[in-house]
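Structure file start27.txt with compact mmCIF, C-alpha atoms and all ligand atoms:
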```txt
# COMPACT_ATOMS: atom_id res chain seq x y z
CA MET A 1 96.02 122.06 -180.70
CA SER A 2 95.72 121.21 -177.04
CA HIS A 3 93.59 123.36 -174.79
CA HIS A 4 95.96 122.78 -171.92
CA GLU A 5 98.94 125.03 -172.34
CA ASN A 6 101.69 123.92 -170.05
CA HIS A 7 102.39 127.02 -168.00
CA ARG A 8 105.73 126.96 -166.35
CA SER A 9 105.88 130.21 -164.43
CA HIS A 10 104.79 128.54 -161.20
CA ARG A 11 107.80 126.28 -161.37
CA SER A 12 110.27 129.11 -161.74
CA GLY A 13 110.57 129.84 -158.00
CA TRP A 14 112.41 126.80 -156.69
CA LEU A 15 114.09 126.18 -160.04
CA ARG A 16 115.49 129.70 -160.07
CA ALA A 17 116.80 129.26 -156.52
CA ALA A 18 118.43 125.92 -157.35
CA VAL A 19 120.05 127.16 -160.56
CA MET A 20 121.26 130.33 -158.86
CA GLY A 21 122.82 128.33 -156.03
CA ALA A 22 124.66 125.94 -158.36
CA ASN A 23 125.61 128.78 -160.67
CA ASP A 24 127.07 130.80 -157.76
CA GLY A 25 128.97 127.73 -156.56
CA ILE A 26 130.56 127.10 -159.95
CA VAL A 27 131.39 130.73 -160.74
CA SER A 28 132.79 131.74 -157.34
CA THR A 29 134.80 128.56 -156.71
CA ALA A 30 136.16 128.33 -160.26
CA SER A 31 137.14 132.02 -160.15
CA LEU A 32 138.79 131.58 -156.76
CA ILE A 33 140.77 128.54 -157.96
CA ILE A 34 141.81 130.30 -161.17
CA GLY A 35 142.81 133.46 -159.29
CA VAL A 36 144.99 131.58 -156.82
CA ALA A 37 146.44 129.38 -159.59
CA ALA A 38 147.28 132.51 -161.61
CA ALA A 39 149.30 133.73 -158.62
CA GLU A 40 151.60 130.69 -159.09
CA ALA A 41 150.44 129.06 -155.81
CA ALA A 42 151.09 125.35 -155.17
CA THR A 43 148.37 122.73 -155.69
CA GLY A 44 147.72 122.37 -151.94
CA ASP A 45 147.13 126.11 -151.57
CA ILE A 46 144.85 126.19 -154.61
CA LEU A 47 142.70 123.35 -153.24
CA LEU A 48 142.67 124.92 -149.77
CA ALA A 49 141.40 128.18 -151.27
CA GLY A 50 138.74 126.23 -153.20
CA VAL A 51 137.52 124.32 -150.12
CA ALA A 52 137.48 127.50 -148.00
CA GLY A 53 135.51 129.22 -150.77
CA LEU A 54 133.04 126.34 -150.88
CA VAL A 55 132.39 126.42 -147.13
CA ALA A 56 132.25 130.24 -146.94
CA GLY A 57 129.94 130.44 -149.95
CA ALA A 58 127.58 127.71 -148.75
CA MET A 59 127.29 129.35 -145.30
CA SER A 60 126.77 132.77 -146.82
CA MET A 61 124.03 131.43 -149.13
CA ALA A 62 122.33 129.67 -146.20
CA ALA A 63 122.45 132.75 -143.97
CA GLY A 64 121.27 135.05 -146.74
CA GLU A 65 118.39 132.77 -147.69
CA TYR A 66 117.36 132.24 -144.07
CA VAL A 67 117.25 135.97 -143.35
CA SER A 68 115.49 136.76 -146.61
CA VAL A 69 112.78 134.09 -146.27
CA SER A 70 112.13 134.79 -142.58
CA SER A 71 111.88 138.55 -143.01
CA GLN A 72 109.60 138.13 -146.04
CA SER A 73 107.42 135.82 -143.94
CA ASP A 74 107.38 138.33 -141.04
CA ILE A 75 106.30 141.10 -143.39
CA GLU A 76 103.50 138.96 -144.85
CA LYS A 77 102.28 137.88 -141.41
CA ALA A 78 102.21 141.49 -140.20
CA ASP A 79 100.35 142.55 -143.37
CA LEU A 80 97.76 139.81 -142.92
CA ALA A 81 97.25 140.66 -139.23
CA LEU A 82 96.69 144.31 -140.20
CA GLU A 83 94.24 143.26 -142.89
CA GLN A 84 92.35 140.94 -140.54
CA ALA A 85 92.02 143.75 -137.97
CA SER A 86 90.64 146.05 -140.64
CA LEU A 87 88.18 143.37 -141.81
CA ASP A 88 86.99 142.91 -138.23
CA ALA A 89 86.65 146.65 -137.65
CA ASN A 90 85.12 147.76 -140.94
CA TYR A 91 83.78 145.04 -143.20
CA ASP A 92 81.83 147.41 -145.47
CA PHE A 93 84.82 149.62 -146.11
CA GLU A 94 86.87 146.55 -147.01
CA LEU A 95 84.07 145.33 -149.29
CA ARG A 96 84.11 148.60 -151.26
CA GLU A 97 87.91 148.69 -151.25
CA LEU A 98 88.07 145.27 -152.89
CA ALA A 99 85.32 146.22 -155.38
CA LYS A 100 87.33 149.32 -156.36
CA ILE A 101 90.27 147.06 -157.24
CA TYR A 102 88.06 144.97 -159.54
CA VAL A 103 86.66 148.12 -161.18
CA SER A 104 90.23 149.25 -161.89
CA ARG A 105 90.81 145.84 -163.52
CA GLY A 106 87.87 146.33 -165.86
CA LEU A 107 84.68 145.10 -164.14
CA THR A 108 81.55 147.26 -163.96
CA ARG A 109 80.67 148.72 -160.53
CA GLU A 110 77.74 146.35 -159.98
CA LEU A 111 79.64 143.25 -161.00
CA ALA A 112 82.66 144.33 -158.93
CA MET A 113 80.48 144.70 -155.82
CA GLU A 114 78.93 141.30 -156.51
CA VAL A 115 82.32 139.61 -156.98
CA SER A 116 83.71 141.34 -153.91
CA ALA A 117 80.72 140.28 -151.77
CA GLN A 118 80.87 136.65 -152.91
CA LEU A 119 84.64 136.29 -152.56
CA MET A 120 84.57 137.85 -149.10
CA ALA A 121 81.70 135.61 -148.04
CA HIS A 122 83.87 132.66 -149.11
CA ASP A 123 87.14 133.83 -147.48
CA ALA A 124 87.51 137.55 -146.82
CA LEU A 125 91.14 137.48 -145.73
CA ALA A 126 92.25 135.31 -148.65
CA ALA A 127 90.48 137.60 -151.14
CA HIS A 128 92.22 140.69 -149.72
CA ALA A 129 95.56 138.91 -149.40
CA ARG A 130 95.45 137.91 -153.07
CA ASP A 131 93.92 140.91 -154.79
CA GLU A 132 94.92 143.78 -152.53
CA ILE A 133 98.26 142.81 -150.98
CA GLY A 134 99.41 140.41 -153.69
CA ILE A 135 100.14 137.41 -151.46
CA THR A 136 99.09 134.47 -153.64
CA GLU A 137 99.98 131.58 -151.41
CA VAL A 138 99.40 131.87 -147.70
CA ALA A 139 101.75 128.96 -147.15
CA GLU A 140 104.04 128.62 -144.17
CA ALA A 141 107.45 129.97 -145.12
CA LYS A 142 110.23 127.49 -144.43
CA PRO A 143 113.43 129.46 -143.82
CA ILE A 144 115.43 126.41 -142.68
CA VAL A 145 114.48 124.43 -145.79
CA ALA A 146 115.31 127.41 -147.99
CA ALA A 147 118.66 127.89 -146.22
CA LEU A 148 119.65 124.21 -146.45
CA SER A 149 118.63 123.85 -150.08
CA SER A 150 120.59 126.89 -151.22
CA ALA A 151 123.64 125.75 -149.26
CA ALA A 152 123.27 122.30 -150.87
CA THR A 153 122.93 123.58 -154.44
CA PHE A 154 125.88 125.94 -153.91
CA THR A 155 127.98 123.04 -152.59
CA LEU A 156 127.06 120.85 -155.58
CA GLY A 157 128.06 123.63 -157.96
CA ALA A 158 131.29 124.41 -156.09
CA ALA A 159 132.27 120.73 -156.01
CA LEU A 160 132.54 120.62 -159.83
CA PRO A 161 135.50 123.04 -160.30
CA LEU A 162 137.05 121.81 -157.03
CA LEU A 163 137.07 118.16 -158.15
CA THR A 164 138.35 119.24 -161.56
CA ALA A 165 141.27 121.12 -159.93
CA TRP A 166 142.03 118.13 -157.72
CA ALA A 167 142.04 115.67 -160.63
CA VAL A 168 144.51 117.37 -162.99
CA PRO A 169 148.27 118.19 -162.73
CA ARG A 170 149.23 121.66 -161.39
CA ASP A 171 150.11 123.10 -164.80
CA GLU A 172 146.74 122.24 -166.24
CA ILE A 173 144.55 123.50 -163.38
CA MET A 174 143.82 126.98 -164.77
CA MET A 175 142.88 125.91 -168.26
CA THR A 176 140.99 122.76 -167.27
CA VAL A 177 138.99 124.44 -164.50
CA ALA A 178 138.09 127.33 -166.82
CA VAL A 179 136.99 125.12 -169.71
CA CYS A 180 135.13 122.56 -167.57
CA SER A 181 133.39 125.27 -165.55
CA LEU A 182 132.19 127.03 -168.68
CA ILE A 183 130.84 123.70 -169.95
CA PHE A 184 129.09 123.05 -166.59
CA LEU A 185 127.65 126.56 -166.69
CA SER A 186 126.33 126.28 -170.22
CA VAL A 187 124.74 122.88 -169.47
CA LEU A 188 123.17 124.33 -166.30
CA GLY A 189 121.91 127.36 -168.22
CA ALA A 190 120.43 125.15 -170.94
CA VAL A 191 118.77 122.79 -168.43
CA ALA A 192 117.24 125.76 -166.57
CA ALA A 193 116.03 127.28 -169.84
CA ARG A 194 114.53 123.97 -170.94
CA ALA A 195 112.74 123.41 -167.63
CA GLY A 196 111.44 126.97 -167.79
CA GLY A 197 110.31 126.59 -171.42
CA ALA A 198 112.72 129.33 -172.57
CA ASN A 199 115.27 129.41 -175.38
CA LEU A 200 118.15 126.96 -174.72
CA LEU A 201 120.93 128.89 -176.44
CA LYS A 202 119.93 132.16 -174.79
CA GLY A 203 119.87 130.51 -171.35
CA ALA A 204 123.26 128.87 -171.86
CA THR A 205 124.91 131.98 -173.31
CA ARG A 206 123.70 134.26 -170.52
CA VAL A 207 125.13 132.09 -167.74
CA THR A 208 128.36 131.32 -169.58
CA PHE A 209 129.09 134.97 -170.33
CA TRP A 210 129.04 136.04 -166.67
CA GLY A 211 131.04 132.99 -165.62
CA ALA A 212 133.72 133.72 -168.22
CA LEU A 213 133.87 137.37 -167.17
CA ALA A 214 134.36 136.41 -163.49
CA MET A 215 137.16 133.97 -164.33
CA VAL A 216 138.99 136.43 -166.58
CA LEU A 217 138.84 139.09 -163.84
CA THR A 218 140.13 136.82 -161.04
CA ALA A 219 142.86 135.47 -163.34
CA ALA A 220 143.93 139.07 -163.95
CA VAL A 221 143.92 139.86 -160.21
CA GLY A 222 145.77 136.62 -159.40
CA SER A 223 148.49 137.30 -161.95
CA LEU A 224 149.24 140.59 -160.14
CA PHE A 225 150.31 138.53 -157.12
CA ASP A 226 153.19 136.23 -157.86
CA VAL A 227 153.16 134.14 -154.68
CA ALA A 228 156.06 131.87 -155.64
CA GLY A 229 158.22 134.76 -156.89
CA ALA A 230 157.57 136.88 -153.78
CA ILE A 231 159.21 134.40 -151.45
ZN ZN B 301 91.62 145.18 -147.59
```

Could you spell out this file's structure in structure tokens?
Ligand SMILES: [Zn+2]
Amino acid sequence: MSHHENHRSHRSGWLRAAVMGANDGIVSTASLIIGVAAAEAATGDILLAGVAGLVAGAMSMAAGEYVSVSSQSDIEKADLALEQASLDANYDFELRELAKIYVSRGLTRELAMEVSAQLMAHDALAAHARDEIGITEVAEAKPIVAALSSAATFTLGAALPLLTAWAVPRDEIMMTVAVCSLIFLSVLGAVAARAGGANLLKGATRVTFWGALAMVLTAAVGSLFDVAGAI
């Protein structure tokens, strides 16, 4: 037995974001294509809807990620500034406050005071950030990078059903896009599960189920609108 377990939780952040982006791209674009195809639209209209969905989705992912990462970073910065002010104003209070946290986690009073004193002598703000506020990495947040990478993963995901729809004859678009997208989704789910050290089948099934549900629903909505017949 190795003493070095390979922990994977720390990898789950960016992996989760990438898988979610690609997953969103596949599900929303495939559903859009299937919905429009179910309404008896022509190939050009189906592809137009798919491309519009790709651009709209990628922009929406980028904007959402940018806002989320920047506001999270603002909140953390404000929290740290508050904490630094409190450390400057009342070091002893902060020392006891940190010790109290260690007591609640199971240390004796004396040991907690000792740990608190040593950690604060090393880096007071980092100790409070980690153990009191719960900020583990005081890294610079990169909202632009986060925005671009989610837009990119969404676009990659969306390109799969779009290229599938473009490559097959009109009559086969619905079935081919549905089947291929479910295959893409299950592969993506399995890859994510494998990278995260989780169960492959569970990961694949989870993603595929929601994708299938979305496509069935948009196909149902699309079939309510008979575009060709309405003219
Ligand atoms: Zn504090």

Return as a PDB file with C-alpha atoms, in the coordinates of the input the residues of protein, DNA or RNA that approach ligand ZN 301 (chain B) to within 6 Å, with only C-alpha atoms and all ligand atoms taken into account.
```
ATOM      1  CA  GLU A  83      94.240 143.260-142.890  1.00  0.00           C
ATOM      2  CA  GLU A  94      86.870 146.550-147.010  1.00  0.00           C
ATOM      3  CA  HIS A 128      92.220 140.690-149.720  1.00  0.00           C
TER       4      HIS A 128
END
```

Between A:Leu87, A:Met174, A:Ile26, A:Val67, which one has atoms that come closest to Gly189 (chain A), using only C-alpha atoms? A:Ile26

Which residues, written as a list in words, have at least one atom at most 6 Å from Val227 (chain A), with all atoms listed in the file counted and residues fewer than 6 positions away on the same chain left out? Ala39, Glu40 and Ala41 of chain A

Record the distance separating CA of Ala204 (chain A) and CA of Ala190 (chain A), expressed in Å with one decimal. 4.8 Å

Kindly give the distance, in Å, that separates CA of Ala192 (chain A) and CA of Ser60 (chain A), rounded to a single decimal.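 Spanning CA of Ala192 (chain A) to CA of Ser60 (chain A) is a straight-line distance of 23.0 Å.
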
Among the residues A:Leu185, A:Ala195, A:Leu213, A:Leu80, the one that comes closest to Ile135 (chain A) [using only C-alpha atoms]: A:Leu80

Smallest atom-to-atom distance to Gly44 (chain A): which of A:Phe154, A:Tyr102, A:Phe209, A:Trp166, using all atoms listed in the file?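 Checking each candidate against Gly44 (chain A), we get A:Trp166 as the closest.
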
What gap, in Å, lies between CA of Thr108 (chain A) and CA of Asp79 (chain A)?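 For CA of Thr108 (chain A) relative to CA of Asp79 (chain A), the distance reads 28.3 Å.
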
Between A:Asp92, A:Trp210, A:Ala165, A:Val187, which has the minimum distance to Ala30 (chain A) (counting only C-alpha atoms)?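 Among A:Asp92, A:Trp210, A:Ala165, A:Val187, it is A:Ala165 that comes nearest to Ala30 (chain A).
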
Residues at most 7 Å from Ala219 (chain A), counting only C-alpha atoms, excluding those fewer than 3 positions away in the same chain, as number ranges by chain? A: 34-35, 38, 215-216, 222-223

Would you mind telling me which residue in A:Ala151, A:Gly25, A:Ala89, A:Gly64 lies nearest to Gly50 (chain A) when using only C-alpha atoms?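 So, comparing all the options, the nearest one is A:Gly25.
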
Restricting the calculation to all atoms listed in the file, which member of A:Ala146, A:Leu98, A:Val19, A:Leu119 is positioned closest to Ala62 (chain A)? A:Ala146

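The environment of Ala178 (chain A) within 9 Å, counting only C-alpha atoms and disregarding residues fewer than 2 places along the same chain, consists of Ala30, Ser31, Ile34, Pro161, Ile173, Met174, Met175, Thr176, Cys180, Ser181, Leu182, Ile183, Ala212 and Met215 of chain A.
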
Give as a list of chain:residue names each residue that has an atom at most 12 Å from (83.9, 137.7, -153.8) in the file, counting all atoms listed in the file. A:Glu94, A:Leu95, A:Arg96, A:Glu97, A:Leu98, A:Ala99, A:Ile101, A:Tyr102, A:Leu111, A:Ala112, A:Met113, A:Glu114, A:Val115, A:Ser116, A:Ala117, A:Gln118, A:Leu119, A:Met120, A:Ala121, A:His122, A:Asp123, A:Ala124, A:Leu125, A:Ala126, A:Ala127, A:His128, A:Arg130, A:Asp131

List the spatial neighbours of Gly203 (chain A) as a list in words - criterion: any atom at most 10 Å away, all atoms listed in the file, same-chain residues fewer than 2 positions off excluded. Leu185, Ser186, Val187, Leu188, Gly189, Ala190, Val191, Ala192, Ala193, Arg194, Gly196, Ala198, Asn199, Leu200, Leu201, Thr205, Arg206, Val207 and Thr208 of chain A
